[in-house]
Structures are given as structure tokens and as C-alpha cells.
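Structure file protein11.cif; described as mmCIF, C-alpha atoms.
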```
data_final
loop_
_atom_site.group_PDB
_atom_site.id
_atom_site.type_symbol
_atom_site.label_atom_id
_atom_site.label_comp_id
_atom_site.auth_asym_id
_atom_site.auth_seq_id
_atom_site.Cartn_x
_atom_site.Cartn_y
_atom_site.Cartn_z
ATOM 1 C CA GLY A 1 29.801 110.168 88.957
ATOM 2 C CA ILE A 2 32.021 107.267 88.126
ATOM 3 C CA GLN A 3 34.645 107.736 85.392
ATOM 4 C CA VAL A 4 34.683 105.206 82.560
ATOM 5 C CA GLU A 5 37.498 105.187 79.998
ATOM 6 C CA GLN A 6 37.637 102.933 76.970
ATOM 7 C CA SER A 7 40.550 102.195 74.707
ATOM 8 C CA PRO A 8 41.390 102.270 71.929
ATOM 9 C CA PRO A 9 38.891 104.848 70.629
ATOM 10 C CA ASP A 10 39.118 103.450 67.102
ATOM 11 C CA LEU A 11 40.224 100.093 65.764
ATOM 12 C CA ILE A 12 40.464 98.783 62.218
ATOM 13 C CA LEU A 13 40.893 95.060 61.728
ATOM 14 C CA GLN A 14 41.230 92.682 58.850
ATOM 15 C CA GLU A 15 38.544 90.020 58.846
ATOM 16 C CA GLY A 16 39.735 87.021 60.872
ATOM 17 C CA ALA A 17 41.939 89.015 63.250
ATOM 18 C CA ASN A 18 41.572 89.063 67.029
ATOM 19 C CA SER A 19 41.220 92.130 69.228
ATOM 20 C CA THR A 20 41.078 93.243 72.851
ATOM 21 C CA LEU A 21 39.044 96.216 73.998
ATOM 22 C CA ARG A 22 39.659 97.733 77.407
ATOM 23 C CA CYS A 23 37.464 99.536 79.925
ATOM 24 C CA ASN A 24 38.970 101.259 82.974
ATOM 25 C CA PHE A 25 36.789 102.622 85.744
ATOM 26 C CA SER A 26 37.264 104.714 88.847
ATOM 27 C CA ASP A 27 34.989 103.052 91.409
ATOM 28 C CA SER A 28 34.086 99.612 92.631
ATOM 29 C CA VAL A 29 31.125 98.348 90.652
ATOM 30 C CA ASN A 30 28.061 96.237 91.221
ATOM 31 C CA ASN A 31 26.978 96.138 87.584
ATOM 32 C CA LEU A 32 29.120 96.148 84.454
ATOM 33 C CA GLN A 33 27.757 95.472 80.989
ATOM 34 C CA TRP A 34 29.281 95.378 77.516
ATOM 35 C CA PHE A 35 27.166 96.462 74.539
ATOM 36 C CA HIS A 36 27.583 96.441 70.794
ATOM 37 C CA GLN A 37 25.918 99.295 68.935
ATOM 38 C CA ASN A 38 25.552 98.149 65.363
ATOM 39 C CA PRO A 39 25.682 100.473 62.340
ATOM 40 C CA TRP A 40 21.881 100.825 62.522
ATOM 41 C CA GLY A 41 22.154 102.223 66.035
ATOM 42 C CA GLN A 42 20.721 99.285 67.948
ATOM 43 C CA LEU A 43 22.284 98.413 71.303
ATOM 44 C CA ILE A 44 22.889 94.735 71.788
ATOM 45 C CA ASN A 45 23.649 93.255 75.191
ATOM 46 C CA LEU A 46 26.866 91.262 75.087
ATOM 47 C CA PHE A 47 27.723 90.539 78.708
ATOM 48 C CA TYR A 48 26.663 91.273 82.249
ATOM 49 C CA ILE A 49 30.001 90.894 84.004
ATOM 50 C CA PRO A 50 30.711 92.792 87.249
ATOM 51 C CA SER A 51 33.457 90.250 87.951
ATOM 52 C CA GLY A 52 34.983 87.102 86.529
ATOM 53 C CA THR A 53 35.097 85.737 83.005
ATOM 54 C CA LYS A 54 32.362 84.783 80.555
ATOM 55 C CA GLN A 55 32.386 83.484 77.016
ATOM 56 C CA ASN A 56 29.782 83.524 74.282
ATOM 57 C CA GLY A 57 30.932 82.122 70.966
ATOM 58 C CA ARG A 58 33.731 84.266 69.539
ATOM 59 C CA LEU A 59 33.353 86.839 72.299
ATOM 60 C CA SER A 60 34.589 86.681 75.842
ATOM 61 C CA ALA A 61 34.942 89.186 78.638
ATOM 62 C CA THR A 62 36.909 89.443 81.847
ATOM 63 C CA THR A 63 36.428 91.900 84.682
ATOM 64 C CA VAL A 64 39.072 92.295 87.375
ATOM 65 C CA ALA A 65 37.063 94.305 89.862
ATOM 66 C CA THR A 66 39.927 94.773 92.354
ATOM 67 C CA GLU A 67 42.034 96.431 89.637
ATOM 68 C CA ARG A 68 39.094 98.310 88.124
ATOM 69 C CA TYR A 69 39.179 97.180 84.539
ATOM 70 C CA SER A 70 37.317 94.953 82.137
ATOM 71 C CA LEU A 71 38.407 93.465 78.817
ATOM 72 C CA LEU A 72 36.345 92.360 75.846
ATOM 73 C CA TYR A 73 37.969 89.861 73.492
ATOM 74 C CA ILE A 74 36.789 89.377 69.946
ATOM 75 C CA SER A 75 38.306 86.436 68.092
ATOM 76 C CA SER A 76 38.161 85.683 64.351
ATOM 77 C CA SER A 77 36.457 88.999 63.695
ATOM 78 C CA GLN A 78 33.780 89.284 61.012
ATOM 79 C CA THR A 79 32.454 92.310 59.128
ATOM 80 C CA THR A 80 29.244 92.038 61.148
ATOM 81 C CA ASP A 81 31.278 92.817 64.268
ATOM 82 C CA SER A 82 31.692 96.403 63.040
ATOM 83 C CA GLY A 83 30.125 99.098 65.166
ATOM 84 C CA VAL A 84 30.771 100.757 68.500
ATOM 85 C CA TYR A 85 31.429 98.767 71.661
ATOM 86 C CA PHE A 86 30.399 100.363 74.934
ATOM 87 C CA CYS A 87 31.287 99.486 78.466
ATOM 88 C CA ALA A 88 28.678 100.687 80.970
ATOM 89 C CA LEU A 89 28.611 100.302 84.711
ATOM 90 C CA ARG A 90 27.003 101.232 87.960
ATOM 91 C CA GLY A 91 29.302 102.309 90.736
ATOM 92 C CA ARG A 92 28.959 100.859 94.193
ATOM 93 C CA GLN A 93 29.847 104.104 95.978
ATOM 94 C CA THR A 94 27.485 106.463 94.187
ATOM 95 C CA GLY A 95 24.356 104.555 95.056
ATOM 96 C CA ALA A 96 22.852 105.505 91.695
ATOM 97 C CA ASN A 97 20.877 102.938 89.717
ATOM 98 C CA ASN A 98 21.703 104.194 86.249
ATOM 99 C CA LEU A 99 24.542 103.008 84.056
ATOM 100 C CA PHE A 100 27.484 105.264 83.235
ATOM 101 C CA PHE A 101 28.699 104.716 79.696
ATOM 102 C CA GLY A 102 32.209 105.007 78.345
ATOM 103 C CA THR A 103 32.825 106.856 75.099
ATOM 104 C CA GLY A 104 33.118 103.598 73.206
ATOM 105 C CA THR A 105 35.526 101.843 70.860
ATOM 106 C CA ARG A 106 34.612 102.131 67.190
ATOM 107 C CA LEU A 107 35.527 98.877 65.444
ATOM 108 C CA THR A 108 35.712 98.552 61.690
ATOM 109 C CA VAL A 109 36.302 95.081 60.261
ATOM 110 C CA ILE A 110 37.344 95.091 56.623
ATOM 111 C CA PRO A 111 36.980 92.056 54.352
ATOM 112 C CA ASN B 112 9.141 87.167 74.769
ATOM 113 C CA ALA B 113 9.189 90.655 73.305
ATOM 114 C CA GLY B 114 12.071 92.923 74.197
ATOM 115 C CA VAL B 115 11.889 96.588 75.102
ATOM 116 C CA MET B 116 9.678 98.396 72.602
ATOM 117 C CA GLN B 117 10.030 102.031 71.645
ATOM 118 C CA ASN B 118 7.980 104.129 69.293
ATOM 119 C CA PRO B 119 8.195 105.940 67.118
ATOM 120 C CA ARG B 120 11.568 104.851 65.778
ATOM 121 C CA HIS B 121 12.041 108.151 63.993
ATOM 122 C CA LEU B 122 10.423 111.458 64.862
ATOM 123 C CA VAL B 123 10.782 114.770 63.070
ATOM 124 C CA ARG B 124 9.645 117.958 64.748
ATOM 125 C CA ARG B 125 9.948 121.642 64.004
ATOM 126 C CA ARG B 126 11.368 123.987 66.597
ATOM 127 C CA GLY B 127 8.753 124.831 69.225
ATOM 128 C CA GLN B 128 6.705 121.657 68.788
ATOM 129 C CA GLU B 129 6.292 118.891 71.345
ATOM 130 C CA ALA B 130 7.870 115.444 71.113
ATOM 131 C CA ARG B 131 6.422 112.371 72.855
ATOM 132 C CA LEU B 132 8.499 109.240 73.033
ATOM 133 C CA ARG B 133 7.055 105.945 74.264
ATOM 134 C CA CYS B 134 8.672 102.949 75.884
ATOM 135 C CA SER B 135 7.147 99.605 76.824
ATOM 136 C CA PRO B 136 9.479 97.621 79.089
ATOM 137 C CA MET B 137 10.133 93.932 78.795
ATOM 138 C CA LYS B 138 7.418 91.746 80.250
ATOM 139 C CA GLY B 139 7.840 91.472 83.993
ATOM 140 C CA HIS B 140 10.150 94.504 84.249
ATOM 141 C CA SER B 141 9.078 97.311 86.534
ATOM 142 C CA HIS B 142 12.113 99.614 86.248
ATOM 143 C CA VAL B 143 12.529 101.979 83.302
ATOM 144 C CA TYR B 144 15.481 104.202 82.425
ATOM 145 C CA TRP B 145 15.786 106.851 79.729
ATOM 146 C CA TYR B 146 19.133 107.729 78.158
ATOM 147 C CA ARG B 147 20.101 110.228 75.486
ATOM 148 C CA GLN B 148 22.822 109.773 72.886
ATOM 149 C CA LEU B 149 24.085 112.819 71.055
ATOM 150 C CA PRO B 150 25.850 112.221 67.705
ATOM 151 C CA GLU B 151 29.239 110.533 68.092
ATOM 152 C CA GLU B 152 28.887 110.296 71.882
ATOM 153 C CA GLY B 153 28.078 107.662 74.476
ATOM 154 C CA LEU B 154 24.741 107.388 76.209
ATOM 155 C CA LYS B 155 23.934 109.726 79.092
ATOM 156 C CA PHE B 156 21.411 108.908 81.803
ATOM 157 C CA MET B 157 18.325 111.087 82.044
ATOM 158 C CA VAL B 158 15.750 109.564 84.376
ATOM 159 C CA TYR B 159 14.884 106.385 86.270
ATOM 160 C CA LEU B 160 11.285 105.458 86.977
ATOM 161 C CA GLN B 161 9.255 102.734 88.575
ATOM 162 C CA LYS B 162 5.515 102.422 88.186
ATOM 163 C CA GLU B 163 3.939 105.792 89.094
ATOM 164 C CA ASN B 164 7.186 107.054 90.641
ATOM 165 C CA ILE B 165 10.167 109.039 89.469
ATOM 166 C CA ILE B 166 13.092 107.615 91.411
ATOM 167 C CA ASP B 167 15.999 109.638 89.999
ATOM 168 C CA GLU B 168 15.769 112.487 87.518
ATOM 169 C CA SER B 169 19.229 113.892 88.123
ATOM 170 C CA GLY B 170 20.153 113.640 84.440
ATOM 171 C CA MET B 171 17.068 115.351 83.109
ATOM 172 C CA PRO B 172 17.227 118.981 81.962
ATOM 173 C CA LYS B 173 15.289 121.135 84.393
ATOM 174 C CA GLU B 174 13.069 122.732 81.780
ATOM 175 C CA ARG B 175 10.941 121.362 78.925
ATOM 176 C CA PHE B 176 11.610 117.678 79.731
ATOM 177 C CA SER B 177 9.325 115.417 81.736
ATOM 178 C CA ALA B 178 8.835 111.689 82.129
ATOM 179 C CA GLU B 179 6.173 109.409 83.505
ATOM 180 C CA PHE B 180 5.526 105.704 83.937
ATOM 181 C CA PRO B 181 1.832 105.275 84.711
ATOM 182 C CA LYS B 182 0.234 102.289 86.355
ATOM 183 C CA GLU B 183 -1.089 101.201 82.971
ATOM 184 C CA GLY B 184 0.599 101.765 79.643
ATOM 185 C CA PRO B 185 4.044 102.714 78.459
ATOM 186 C CA SER B 186 6.537 105.133 79.905
ATOM 187 C CA ILE B 187 6.478 108.506 78.173
ATOM 188 C CA LEU B 188 9.335 110.961 77.722
ATOM 189 C CA ARG B 189 7.946 114.349 76.784
ATOM 190 C CA ILE B 190 9.936 117.242 75.381
ATOM 191 C CA GLN B 191 8.124 120.527 75.078
ATOM 192 C CA GLN B 192 9.101 123.364 72.729
ATOM 193 C CA VAL B 193 11.876 121.371 71.105
ATOM 194 C CA VAL B 194 15.088 123.067 69.979
ATOM 195 C CA ARG B 195 17.725 121.886 67.507
ATOM 196 C CA GLY B 196 19.968 120.784 70.372
ATOM 197 C CA ASP B 197 17.368 118.187 71.359
ATOM 198 C CA SER B 198 18.157 116.232 68.186
ATOM 199 C CA ALA B 199 19.517 112.916 69.427
ATOM 200 C CA ALA B 200 18.753 109.245 69.847
ATOM 201 C CA TYR B 201 16.699 108.530 72.953
ATOM 202 C CA PHE B 202 16.998 105.047 74.396
ATOM 203 C CA CYS B 203 14.838 103.359 76.955
ATOM 204 C CA ALA B 204 16.059 100.468 79.084
ATOM 205 C CA SER B 205 14.259 98.219 81.506
ATOM 206 C CA SER B 206 15.324 95.918 84.285
ATOM 207 C CA SER B 207 13.951 93.710 87.005
ATOM 208 C CA PRO B 208 16.364 93.420 89.904
ATOM 209 C CA LEU B 209 16.486 89.919 91.228
ATOM 210 C CA ALA B 210 17.661 88.432 94.480
ATOM 211 C CA GLY B 211 21.423 88.610 94.572
ATOM 212 C CA GLY B 212 21.457 92.009 92.896
ATOM 213 C CA VAL B 213 21.636 90.907 89.252
ATOM 214 C CA ASP B 214 20.348 93.955 87.467
ATOM 215 C CA THR B 215 20.901 93.691 83.746
ATOM 216 C CA GLN B 216 19.451 96.574 81.778
ATOM 217 C CA TYR B 217 17.973 95.722 78.380
ATOM 218 C CA PHE B 218 17.745 98.464 75.803
ATOM 219 C CA GLY B 219 15.132 99.249 73.221
ATOM 220 C CA PRO B 220 15.928 100.193 69.612
ATOM 221 C CA GLY B 221 15.780 103.917 70.364
ATOM 222 C CA THR B 222 13.860 106.862 68.965
ATOM 223 C CA ARG B 223 15.811 109.161 66.686
ATOM 224 C CA LEU B 224 14.518 112.693 67.112
ATOM 225 C CA THR B 225 15.343 115.286 64.486
ATOM 226 C CA VAL B 226 14.430 118.899 65.123
ATOM 227 C CA LEU B 227 14.250 121.052 62.014
#
```
Output the file's structure as C-alpha cells, nothing else.
Amino acid sequence: GIQVEQSPPDLILQEGANSTLRCNFSDSVNNLQWFHQNPWGQLINLFYIPSGTKQNGRLSATTVATERYSLLYISSSQTTDSGVYFCALRGRQTGANNLFFGTGTRLTVIP
Amino acid sequence: NAGVMQNPRHLVRRRGQEARLRCSPMKGHSHVYWYRQLPEEGLKFMVYLQKENIIDESGMPKERFSAEFPKEGPSILRIQQVVRGDSAAYFCASSSPLAGGVDTQYFGPGTRLTVL
């Protein structure tokens, strides 16, 4: 299957700081999603972004499909942003319908 | 518009018992996926179903695990004779592929299975 690598694995931020999370992948994609798993374990859809740039409030994401990476930007971080951020995607070559998940970036925002 | 529903949210079983996990997809969605998340790991695909059909079960263990998505009612993930290693969070996702290939998967809250 497709390889999905996320960095950094762990990140600790002071409230109000900005951060960039990275997702590298090994195949061309026809579906890429970013999720936030909150401390209660719920998975929240952030972006569907197989290519291009999108913004939603303090969050934005960019996928450069030709270079096989995606970035998630979090600005003015808040304690409620804490949790694990997953990149998940479906590779174009494999033909599979399921999402392959990265191992996540664990973000801790301290007040 | 209700999201993906899963129940129960927490399930405790003793070794050797059966576990049944239910998933109701979002309204209008006909594709259901089951994923498993072991502690401190990412989610791993198990099975992909459409109504009355298993499309891809390549991620499902060959023994003790089965899944169905009947014409009426929720999708069921069934684990027979559970073992401690089955303890995990099980997530269901649903999607409805549209013209143009947009295929966002929406996840339910998960069922946390603990095997004693």
C-alpha cells in the first residue's frame, strides 16, 4: 500500500503560537484528508484536499500533489487544538477505496 | 442531519465472548468502511462494504472477524471468541462518491472494545 509519513511526531506549543504539520506520501493521490482526533478519541474532519489550498478559520492546508506532500497550518493555537492530527489518503495507483493513515502528529498546546 | 452513528460507544467482553459493533452511515451514504485503531497507533483499514456486498476485506483478519451491511439496518462488525489483542477502538466511516470523484469519508465516534 501507499506509504504515509507525518512529521513531527510530537509537538508542544505555547498558546497563541503557530505551527506547520507535514504529510509526505509515496503515490499520486485522488483523496487526501486531514483529521483531528481530540483527547476523547473522536475523529473530526478538517479538510478534504487532494490538491490546492483551503482555509477554515485558523486552519489551512496545502497539498502539492506533484511533489507528494501536504501541509496543515495552525495559527494562534488554542488549548482545544490539542490532540492527534492525522493525514489519510487514497492512492491513485493502488485502486483501493480505503484511506491509508499516517502515524499522526501529537500536538499539545499549553496555556 | 445526523452524522455517522456507532453503538455501543464502549464494550467490555471477556475472552471467548462475541462482540457486535454497529454502524449507521450518514443519511444518503451507501458506502461503509471499518477501521481499527490500536493504542497509540493510526487507524488501519479492515473492510469496505456497500449494501449487501463486501467490496474489499483485505484488511480483515481471516478468522473470527466478519462484517455485513444488510439491505435494511446498520452495518455490523462481528468478532467471535475475542482475545485480549482485539482490544482497540473500532471506527466506522461512510461516504457517497459524487460525480467528479469527491469521496470524503466521515467517521463515527468509534466503539472502544476492552477484552478482559
Spatial neighbours of B:Glu183, max dist 12 Å, all atoms listed in the file, sep filter under 4 positions, as a PyMOL selection string:
chain B and resi 135-136+141+161-163+179+187
Starting from the PyMOL selection byres ((chain B and resi 206) around 6), expand the selection into actual residues of this file and give them as a PyMOL selection string.
chain B and resi 140+142+205+207+216
What does the file look like for those residues with C-alpha atoms, as a PDB file, in the coordinates of the input?
```pdb
ATOM      1  CA  HIS B 140      10.150  94.504  84.249  1.00  0.00           C
ATOM      2  CA  HIS B 142      12.113  99.614  86.248  1.00  0.00           C
ATOM      3  CA  SER B 205      14.259  98.219  81.506  1.00  0.00           C
ATOM      4  CA  SER B 207      13.951  93.710  87.005  1.00  0.00           C
ATOM      5  CA  GLN B 216      19.451  96.574  81.778  1.00  0.00           C
TER       6      GLN B 216
END
```
To test your reading of the syntax: which residues would the PyMOL selection byres ((chain A) within 12 of (chain B)) return for the file shown? Reply as a PDB file with C-alpha atoms, keeping the file's coordinate frame.
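Full text of part-v5.pdb as output:
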```
ATOM      1  CA  GLY A   1      29.801 110.168  88.957  1.00  0.00           C
ATOM      2  CA  VAL A   4      34.683 105.206  82.560  1.00  0.00           C
ATOM      3  CA  GLU A   5      37.498 105.187  79.998  1.00  0.00           C
ATOM      4  CA  GLN A   6      37.637 102.933  76.970  1.00  0.00           C
ATOM      5  CA  PRO A   9      38.891 104.848  70.629  1.00  0.00           C
ATOM      6  CA  VAL A  29      31.125  98.348  90.652  1.00  0.00           C
ATOM      7  CA  ASN A  30      28.061  96.237  91.221  1.00  0.00           C
ATOM      8  CA  ASN A  31      26.978  96.138  87.584  1.00  0.00           C
ATOM      9  CA  LEU A  32      29.120  96.148  84.454  1.00  0.00           C
ATOM     10  CA  GLN A  33      27.757  95.472  80.989  1.00  0.00           C
ATOM     11  CA  TRP A  34      29.281  95.378  77.516  1.00  0.00           C
ATOM     12  CA  PHE A  35      27.166  96.462  74.539  1.00  0.00           C
ATOM     13  CA  HIS A  36      27.583  96.441  70.794  1.00  0.00           C
ATOM     14  CA  GLN A  37      25.918  99.295  68.935  1.00  0.00           C
ATOM     15  CA  ASN A  38      25.552  98.149  65.363  1.00  0.00           C
ATOM     16  CA  TRP A  40      21.881 100.825  62.522  1.00  0.00           C
ATOM     17  CA  GLY A  41      22.154 102.223  66.035  1.00  0.00           C
ATOM     18  CA  GLN A  42      20.721  99.285  67.948  1.00  0.00           C
ATOM     19  CA  LEU A  43      22.284  98.413  71.303  1.00  0.00           C
ATOM     20  CA  ILE A  44      22.889  94.735  71.788  1.00  0.00           C
ATOM     21  CA  ASN A  45      23.649  93.255  75.191  1.00  0.00           C
ATOM     22  CA  LEU A  46      26.866  91.262  75.087  1.00  0.00           C
ATOM     23  CA  PHE A  47      27.723  90.539  78.708  1.00  0.00           C
ATOM     24  CA  TYR A  48      26.663  91.273  82.249  1.00  0.00           C
ATOM     25  CA  ILE A  49      30.001  90.894  84.004  1.00  0.00           C
ATOM     26  CA  PRO A  50      30.711  92.792  87.249  1.00  0.00           C
ATOM     27  CA  SER A  51      33.457  90.250  87.951  1.00  0.00           C
ATOM     28  CA  GLY A  83      30.125  99.098  65.166  1.00  0.00           C
ATOM     29  CA  VAL A  84      30.771 100.757  68.500  1.00  0.00           C
ATOM     30  CA  TYR A  85      31.429  98.767  71.661  1.00  0.00           C
ATOM     31  CA  PHE A  86      30.399 100.363  74.934  1.00  0.00           C
ATOM     32  CA  CYS A  87      31.287  99.486  78.466  1.00  0.00           C
ATOM     33  CA  ALA A  88      28.678 100.687  80.970  1.00  0.00           C
ATOM     34  CA  LEU A  89      28.611 100.302  84.711  1.00  0.00           C
ATOM     35  CA  ARG A  90      27.003 101.232  87.960  1.00  0.00           C
ATOM     36  CA  ARG A  92      28.959 100.859  94.193  1.00  0.00           C
ATOM     37  CA  GLY A  95      24.356 104.555  95.056  1.00  0.00           C
ATOM     38  CA  ALA A  96      22.852 105.505  91.695  1.00  0.00           C
ATOM     39  CA  ASN A  97      20.877 102.938  89.717  1.00  0.00           C
ATOM     40  CA  ASN A  98      21.703 104.194  86.249  1.00  0.00           C
ATOM     41  CA  LEU A  99      24.542 103.008  84.056  1.00  0.00           C
ATOM     42  CA  PHE A 100      27.484 105.264  83.235  1.00  0.00           C
ATOM     43  CA  PHE A 101      28.699 104.716  79.696  1.00  0.00           C
ATOM     44  CA  GLY A 102      32.209 105.007  78.345  1.00  0.00           C
ATOM     45  CA  THR A 103      32.825 106.856  75.099  1.00  0.00           C
ATOM     46  CA  GLY A 104      33.118 103.598  73.206  1.00  0.00           C
ATOM     47  CA  THR A 105      35.526 101.843  70.860  1.00  0.00           C
ATOM     48  CA  ARG A 106      34.612 102.131  67.190  1.00  0.00           C
TER      49      ARG A 106
END
```
Residues at most 10 Å from stretch 54-62 of chain A, counting all atoms listed in the file, excluding those fewer than 6 positions away in the same chain, as an mmCIF file with C-alpha atoms, in the coordinates of the input?
```cif
data_model
loop_
_atom_site.group_PDB
_atom_site.id
_atom_site.type_symbol
_atom_site.label_atom_id
_atom_site.label_comp_id
_atom_site.auth_asym_id
_atom_site.auth_seq_id
_atom_site.Cartn_x
_atom_site.Cartn_y
_atom_site.Cartn_z
ATOM 1 C CA ASN A 18 41.572 89.063 67.029
ATOM 2 C CA SER A 19 41.220 92.130 69.228
ATOM 3 C CA THR A 20 41.078 93.243 72.851
ATOM 4 C CA LEU A 21 39.044 96.216 73.998
ATOM 5 C CA ARG A 22 39.659 97.733 77.407
ATOM 6 C CA GLN A 33 27.757 95.472 80.989
ATOM 7 C CA TRP A 34 29.281 95.378 77.516
ATOM 8 C CA LEU A 46 26.866 91.262 75.087
ATOM 9 C CA PHE A 47 27.723 90.539 78.708
ATOM 10 C CA TYR A 48 26.663 91.273 82.249
ATOM 11 C CA TYR A 69 39.179 97.180 84.539
ATOM 12 C CA SER A 70 37.317 94.953 82.137
ATOM 13 C CA LEU A 71 38.407 93.465 78.817
ATOM 14 C CA LEU A 72 36.345 92.360 75.846
ATOM 15 C CA TYR A 73 37.969 89.861 73.492
ATOM 16 C CA ILE A 74 36.789 89.377 69.946
ATOM 17 C CA SER A 75 38.306 86.436 68.092
ATOM 18 C CA SER A 76 38.161 85.683 64.351
ATOM 19 C CA SER A 77 36.457 88.999 63.695
ATOM 20 C CA GLN A 78 33.780 89.284 61.012
#
```
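Atom pair atom CA of B:Pro119 / atom CA of B:Arg147 has a distance of 15.2 Å (rounded to one decimal).
Here atom CA of B:Gln192 stands at a distance of 21.4 Å from atom CA of B:Gln117.
Across the chains present, the PyMOL selection byres ((chain B and resi 194) around 12) applied to this file returns Val123, Arg124, Arg125, Arg126, Gly127, Gln128, Glu129, Ala130, Glu174, Arg175, Phe176, Ile190, Gln191, Gln192, Val193, Arg195, Gly196, Asp197, Ser198, Ala199, Leu224, Thr225, Val226 and Leu227 of chain B.
Across the model, the gap from atom CA of B:Ala113 to atom CA of B:Asn164 is 23.9 Å.
Proximity to A:Glu67 was assessed for A:Cys23, A:Val109, A:Ile12, A:Thr79 counting all atoms listed in the file; the smallest distance is recorded for A:Cys23.
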Excluding A:Ser28 and its own-chain neighbours fewer than 5 positions away, which residues fall within 8 Å of it when counting all atoms listed in the file? Please give them as a list in words.
Ala65, Thr66, Arg68, Gly91, Arg92 and Gln93 of chain A
Draw an axis-aligned box tight on the listed atoms of stretch 199-202 of chain B, then pad every side by 6 Å and write out centre and edge lengths in Å to one decimal as lines of an AutoDock Vina configuration file.
```
center_x = 18.1
center_y = 109.0
center_z = 71.9
size_x = 14.8
size_y = 19.9
size_z = 17.0
```
